[in-house]
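Here's target.cif, which has mmCIF, N, CA and C atoms:
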```
data_query
loop_
_atom_site.label_atom_id
_atom_site.label_comp_id
_atom_site.auth_asym_id
_atom_site.auth_seq_id
_atom_site.Cartn_x
_atom_site.Cartn_y
_atom_site.Cartn_z
N MET A 1 32.44 12.58 -6.42
CA MET A 1 31.58 11.71 -7.18
C MET A 1 31.08 12.46 -8.41
N ASP A 2 31.07 11.79 -9.51
CA ASP A 2 30.67 12.38 -10.78
C ASP A 2 29.17 12.67 -10.77
N ILE A 3 28.79 13.80 -11.34
CA ILE A 3 27.38 14.20 -11.34
C ILE A 3 26.53 13.23 -12.16
N GLN A 4 27.12 12.67 -13.23
CA GLN A 4 26.38 11.71 -14.04
C GLN A 4 26.04 10.45 -13.25
N LEU A 5 26.96 10.03 -12.42
CA LEU A 5 26.73 8.86 -11.57
C LEU A 5 25.61 9.13 -10.56
N VAL A 6 25.61 10.31 -9.98
CA VAL A 6 24.58 10.68 -9.01
C VAL A 6 23.20 10.71 -9.68
N VAL A 7 23.14 11.28 -10.88
CA VAL A 7 21.86 11.35 -11.59
C VAL A 7 21.36 9.95 -11.92
N MET A 8 22.25 9.06 -12.35
CA MET A 8 21.86 7.69 -12.67
C MET A 8 21.36 6.95 -11.43
N ILE A 9 22.03 7.13 -10.31
CA ILE A 9 21.62 6.46 -9.08
C ILE A 9 20.26 6.97 -8.62
N VAL A 10 20.06 8.27 -8.66
CA VAL A 10 18.79 8.85 -8.24
C VAL A 10 17.66 8.40 -9.17
N ALA A 11 17.90 8.41 -10.47
CA ALA A 11 16.87 7.98 -11.42
C ALA A 11 16.52 6.51 -11.22
N THR A 12 17.54 5.69 -10.99
CA THR A 12 17.29 4.26 -10.77
C THR A 12 16.48 4.04 -9.50
N LEU A 13 16.87 4.70 -8.43
CA LEU A 13 16.15 4.52 -7.16
C LEU A 13 14.71 5.02 -7.25
N LEU A 14 14.49 6.13 -7.94
CA LEU A 14 13.13 6.65 -8.09
C LEU A 14 12.26 5.72 -8.92
N LEU A 15 12.81 5.17 -10.00
CA LEU A 15 12.03 4.25 -10.82
C LEU A 15 11.72 2.96 -10.08
N VAL A 16 12.68 2.44 -9.32
CA VAL A 16 12.43 1.22 -8.55
C VAL A 16 11.37 1.49 -7.48
N ALA A 17 11.48 2.63 -6.80
CA ALA A 17 10.49 2.96 -5.76
C ALA A 17 9.10 3.12 -6.37
N LEU A 18 9.02 3.77 -7.52
CA LEU A 18 7.73 3.94 -8.18
C LEU A 18 7.18 2.60 -8.66
N GLY A 19 8.06 1.73 -9.15
CA GLY A 19 7.63 0.40 -9.59
C GLY A 19 7.09 -0.43 -8.45
N VAL A 20 7.78 -0.40 -7.32
CA VAL A 20 7.31 -1.16 -6.15
C VAL A 20 6.00 -0.58 -5.63
N ALA A 21 5.90 0.74 -5.59
CA ALA A 21 4.66 1.37 -5.12
C ALA A 21 3.50 1.04 -6.06
N THR A 22 3.76 0.97 -7.35
CA THR A 22 2.71 0.61 -8.30
C THR A 22 2.28 -0.84 -8.10
N LEU A 23 3.25 -1.73 -7.89
CA LEU A 23 2.91 -3.13 -7.65
C LEU A 23 2.08 -3.30 -6.39
N MET A 24 2.33 -2.46 -5.39
CA MET A 24 1.59 -2.55 -4.13
C MET A 24 0.25 -1.83 -4.19
N GLY A 25 -0.02 -1.11 -5.30
CA GLY A 25 -1.30 -0.42 -5.44
C GLY A 25 -1.31 0.97 -4.83
N LYS A 26 -0.15 1.50 -4.47
CA LYS A 26 -0.08 2.82 -3.84
C LYS A 26 0.17 3.94 -4.84
N ALA A 27 0.49 3.60 -6.08
CA ALA A 27 0.80 4.62 -7.08
C ALA A 27 -0.01 4.38 -8.35
N ASP A 28 -1.31 4.30 -8.19
CA ASP A 28 -2.16 4.09 -9.36
C ASP A 28 -2.15 5.29 -10.30
N TRP A 29 -1.69 6.43 -9.84
CA TRP A 29 -1.58 7.58 -10.72
C TRP A 29 -0.53 7.37 -11.80
N ALA A 30 0.34 6.36 -11.64
CA ALA A 30 1.35 6.06 -12.67
C ALA A 30 0.72 5.36 -13.87
N ILE A 31 -0.49 4.84 -13.70
CA ILE A 31 -1.21 4.19 -14.78
C ILE A 31 -2.12 5.24 -15.42
N LYS A 32 -2.21 5.23 -16.72
CA LYS A 32 -3.04 6.22 -17.41
C LYS A 32 -4.47 6.17 -16.89
N GLN A 33 -5.05 7.34 -16.71
CA GLN A 33 -6.36 7.43 -16.06
C GLN A 33 -7.46 6.74 -16.86
N TYR A 34 -7.43 6.87 -18.18
CA TYR A 34 -8.52 6.25 -18.95
C TYR A 34 -8.46 4.73 -18.86
N ARG A 35 -7.28 4.17 -18.66
CA ARG A 35 -7.18 2.72 -18.47
C ARG A 35 -7.55 2.33 -17.05
N ARG A 36 -7.12 3.13 -16.10
CA ARG A 36 -7.37 2.81 -14.69
C ARG A 36 -8.86 2.83 -14.37
N ASN A 37 -9.58 3.77 -14.95
CA ASN A 37 -11.00 3.92 -14.64
C ASN A 37 -11.91 3.16 -15.60
N SER A 38 -11.34 2.52 -16.59
CA SER A 38 -12.14 1.83 -17.58
C SER A 38 -12.54 0.44 -17.07
N GLU A 39 -13.69 0.02 -17.49
CA GLU A 39 -14.15 -1.33 -17.15
C GLU A 39 -13.53 -2.37 -18.08
N ARG A 40 -12.84 -1.91 -19.12
CA ARG A 40 -12.26 -2.84 -20.09
C ARG A 40 -10.92 -3.42 -19.64
N TYR A 41 -10.32 -2.86 -18.61
CA TYR A 41 -8.99 -3.30 -18.17
C TYR A 41 -9.04 -3.88 -16.76
N ASN A 42 -8.22 -4.86 -16.51
CA ASN A 42 -8.07 -5.45 -15.20
C ASN A 42 -7.00 -4.64 -14.45
N LEU A 43 -7.40 -3.95 -13.39
CA LEU A 43 -6.49 -3.05 -12.68
C LEU A 43 -5.30 -3.78 -12.08
N LEU A 44 -5.51 -4.97 -11.56
CA LEU A 44 -4.41 -5.74 -10.98
C LEU A 44 -3.35 -6.06 -12.04
N ARG A 45 -3.78 -6.47 -13.21
CA ARG A 45 -2.83 -6.77 -14.28
C ARG A 45 -2.13 -5.52 -14.78
N LEU A 46 -2.84 -4.40 -14.83
CA LEU A 46 -2.19 -3.14 -15.21
C LEU A 46 -1.11 -2.75 -14.20
N ARG A 47 -1.39 -2.96 -12.91
CA ARG A 47 -0.39 -2.68 -11.89
C ARG A 47 0.84 -3.55 -12.07
N ILE A 48 0.63 -4.83 -12.35
CA ILE A 48 1.75 -5.74 -12.52
C ILE A 48 2.60 -5.33 -13.73
N ILE A 49 1.95 -5.03 -14.84
CA ILE A 49 2.68 -4.66 -16.05
C ILE A 49 3.43 -3.35 -15.86
N THR A 50 2.78 -2.34 -15.31
CA THR A 50 3.41 -1.04 -15.14
C THR A 50 4.54 -1.11 -14.12
N GLY A 51 4.32 -1.77 -13.00
CA GLY A 51 5.36 -1.89 -11.99
C GLY A 51 6.57 -2.67 -12.50
N ALA A 52 6.32 -3.76 -13.20
CA ALA A 52 7.42 -4.55 -13.76
C ALA A 52 8.20 -3.75 -14.79
N MET A 53 7.50 -3.00 -15.62
CA MET A 53 8.17 -2.18 -16.62
C MET A 53 9.09 -1.15 -15.96
N LEU A 54 8.61 -0.48 -14.94
CA LEU A 54 9.42 0.52 -14.26
C LEU A 54 10.66 -0.09 -13.61
N ILE A 55 10.50 -1.24 -12.99
CA ILE A 55 11.63 -1.88 -12.32
C ILE A 55 12.64 -2.39 -13.33
N ILE A 56 12.19 -3.01 -14.41
CA ILE A 56 13.11 -3.55 -15.41
C ILE A 56 13.86 -2.43 -16.11
N VAL A 57 13.19 -1.34 -16.45
CA VAL A 57 13.89 -0.21 -17.06
C VAL A 57 14.90 0.39 -16.08
N ALA A 58 14.55 0.43 -14.80
CA ALA A 58 15.48 0.96 -13.79
C ALA A 58 16.72 0.08 -13.67
N ILE A 59 16.58 -1.20 -13.88
CA ILE A 59 17.74 -2.09 -13.81
C ILE A 59 18.70 -1.82 -14.97
N PHE A 60 18.19 -1.44 -16.13
CA PHE A 60 19.05 -1.19 -17.28
C PHE A 60 19.77 0.16 -17.21
N ILE A 61 19.28 1.11 -16.44
CA ILE A 61 19.90 2.44 -16.38
C ILE A 61 21.35 2.41 -15.93
N PRO A 62 21.73 1.69 -14.87
CA PRO A 62 23.16 1.68 -14.49
C PRO A 62 24.06 1.05 -15.55
N PHE A 63 23.54 0.10 -16.31
CA PHE A 63 24.35 -0.51 -17.36
C PHE A 63 24.74 0.51 -18.42
N ILE A 64 23.87 1.48 -18.67
CA ILE A 64 24.18 2.52 -19.64
C ILE A 64 25.39 3.32 -19.19
N LEU A 65 25.49 3.57 -17.90
CA LEU A 65 26.62 4.33 -17.37
C LEU A 65 27.91 3.52 -17.40
N PHE A 66 27.84 2.26 -16.98
CA PHE A 66 29.05 1.46 -16.85
C PHE A 66 29.53 0.89 -18.19
N TYR A 67 28.64 0.70 -19.13
CA TYR A 67 29.01 0.22 -20.46
C TYR A 67 28.64 1.28 -21.48
N GLY A 68 29.25 2.44 -21.35
CA GLY A 68 28.92 3.61 -22.15
C GLY A 68 29.09 3.42 -23.64
N GLU A 69 30.01 2.55 -24.03
CA GLU A 69 30.22 2.36 -25.47
C GLU A 69 29.05 1.63 -26.12
N HIS A 70 28.19 1.04 -25.34
CA HIS A 70 27.03 0.32 -25.87
C HIS A 70 25.72 1.02 -25.50
N GLU A 71 25.77 2.32 -25.30
CA GLU A 71 24.57 3.03 -24.85
C GLU A 71 23.45 2.98 -25.88
N ARG A 72 23.78 2.98 -27.13
CA ARG A 72 22.73 2.91 -28.16
C ARG A 72 22.03 1.55 -28.11
N THR A 73 22.78 0.49 -27.86
CA THR A 73 22.19 -0.84 -27.74
C THR A 73 21.23 -0.91 -26.57
N PHE A 74 21.64 -0.35 -25.43
CA PHE A 74 20.76 -0.34 -24.27
C PHE A 74 19.51 0.50 -24.52
N ALA A 75 19.66 1.59 -25.26
CA ALA A 75 18.49 2.41 -25.60
C ALA A 75 17.51 1.62 -26.45
N TYR A 76 18.02 0.84 -27.41
CA TYR A 76 17.14 0.00 -28.23
C TYR A 76 16.46 -1.08 -27.38
N ILE A 77 17.18 -1.63 -26.43
CA ILE A 77 16.60 -2.65 -25.55
C ILE A 77 15.47 -2.04 -24.72
N ILE A 78 15.70 -0.84 -24.16
CA ILE A 78 14.68 -0.19 -23.36
C ILE A 78 13.46 0.15 -24.21
N ILE A 79 13.68 0.65 -25.42
CA ILE A 79 12.55 0.96 -26.31
C ILE A 79 11.78 -0.32 -26.64
N GLY A 80 12.49 -1.40 -26.89
CA GLY A 80 11.83 -2.68 -27.16
C GLY A 80 11.01 -3.16 -25.98
N LEU A 81 11.55 -3.01 -24.77
CA LEU A 81 10.81 -3.40 -23.58
C LEU A 81 9.55 -2.58 -23.40
N VAL A 82 9.63 -1.30 -23.63
CA VAL A 82 8.46 -0.44 -23.49
C VAL A 82 7.39 -0.84 -24.50
N VAL A 83 7.80 -1.18 -25.72
CA VAL A 83 6.84 -1.62 -26.74
C VAL A 83 6.19 -2.93 -26.31
N VAL A 84 6.98 -3.87 -25.80
CA VAL A 84 6.43 -5.15 -25.35
C VAL A 84 5.43 -4.93 -24.21
N PHE A 85 5.77 -4.07 -23.27
CA PHE A 85 4.86 -3.82 -22.16
C PHE A 85 3.60 -3.09 -22.62
N ALA A 86 3.72 -2.22 -23.62
CA ALA A 86 2.52 -1.56 -24.15
C ALA A 86 1.61 -2.58 -24.82
N ILE A 87 2.20 -3.53 -25.53
CA ILE A 87 1.40 -4.58 -26.15
C ILE A 87 0.73 -5.44 -25.07
N LEU A 88 1.46 -5.75 -24.00
CA LEU A 88 0.88 -6.52 -22.89
C LEU A 88 -0.30 -5.78 -22.25
N GLN A 89 -0.19 -4.47 -22.15
CA GLN A 89 -1.30 -3.70 -21.58
C GLN A 89 -2.54 -3.81 -22.44
N GLU A 90 -2.35 -3.87 -23.74
CA GLU A 90 -3.51 -3.93 -24.65
C GLU A 90 -4.05 -5.34 -24.83
N THR A 91 -3.26 -6.35 -24.46
CA THR A 91 -3.73 -7.72 -24.67
C THR A 91 -4.02 -8.41 -23.33
N TRP A 92 -3.01 -8.63 -22.51
CA TRP A 92 -3.15 -9.41 -21.29
C TRP A 92 -3.98 -8.69 -20.22
N ALA A 93 -3.89 -7.37 -20.17
CA ALA A 93 -4.58 -6.63 -19.11
C ALA A 93 -6.04 -6.32 -19.45
N ARG A 94 -6.45 -6.62 -20.66
CA ARG A 94 -7.85 -6.36 -21.01
C ARG A 94 -8.76 -7.43 -20.44
N ARG A 95 -9.94 -7.00 -20.05
CA ARG A 95 -10.97 -7.95 -19.62
C ARG A 95 -11.55 -8.61 -20.86
N ARG A 96 -11.91 -9.84 -20.72
CA ARG A 96 -12.45 -10.58 -21.89
C ARG A 96 -13.93 -10.76 -21.77
#
```

Have the structure of the file written as structure tokens, please.
Amino acid sequence: MDIQLVVMIVATLLLVALGVATLMGKADWAIKQYRRNSERYNLLRLRIITGAMLIIVAIFIPFILFYGEHERTFAYIIIGLVVVFAILQETWARRR
């Protein structure tokens, strides 16, 4: 088995596990501390956003390996997703 394939599988599984643990509230350390402890943010919404981001990025990782000629496109998609989730953290997860 190719070492690159093993690294991709391990990275994908770790990100999915961390995303699920964050959604369940068991990995709050994955959320930035100043947001987690702040009264300005809704912790449940932060968990949803962070967990979903980790799982969605983990889903794109195997595509980078199998469609190697489009790796730059997948990198732009992942960067775009991270930006969207950062915006969601600053808008939807804030208390009003």

ask   = Selected by the PyMOL selection byres (((chain A and resi 17 and name CA) around 12) and name CA) in the shown coordinates: which residues, as a count of residues only?
value = 24

ask   = Could you pull out all residues of chain A with a DSSP call of helix (DSSP H, G or I) and give them as a ChimeraX atom specification?
value = /A:3-23,28-30,33-36,43-66,68-91

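Straight-line separation from atom C of A:Ile77 to atom N of A:Arg94: 22.8 Å.
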
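Atom CA of A:Ser38 to atom CA of A:Leu81 spans 24.3 Å [interatomic distance, one decimal].
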
request  = Do a neighbour search on A:Ala93 at 6 Å with all atoms listed in the file, toss out local chain neighbours closer than 2 positions, and write the hits as an MDAnalysis selection string.
outcome  = chainID A and resid 40:42 45:46 88:91 95

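The gap separating atom CA of A:Glu71 from atom CA of A:Val7 is 15.9 Å, in Å to one decimal.
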
inquiry  = I'd like to know which of A:Gln4, A:Val83, A:Ile78, A:Thr50 is closest to A:Leu65, using only N, CA and C atoms.
reply    = A:Gln4

request  = Compare A:Arg72, A:Val84, A:Trp92, A:Leu5 by their minimum atom-to-atom distance to A:Arg47, counting only C-alpha atoms, and give me the closest one.
outcome  = A:Trp92
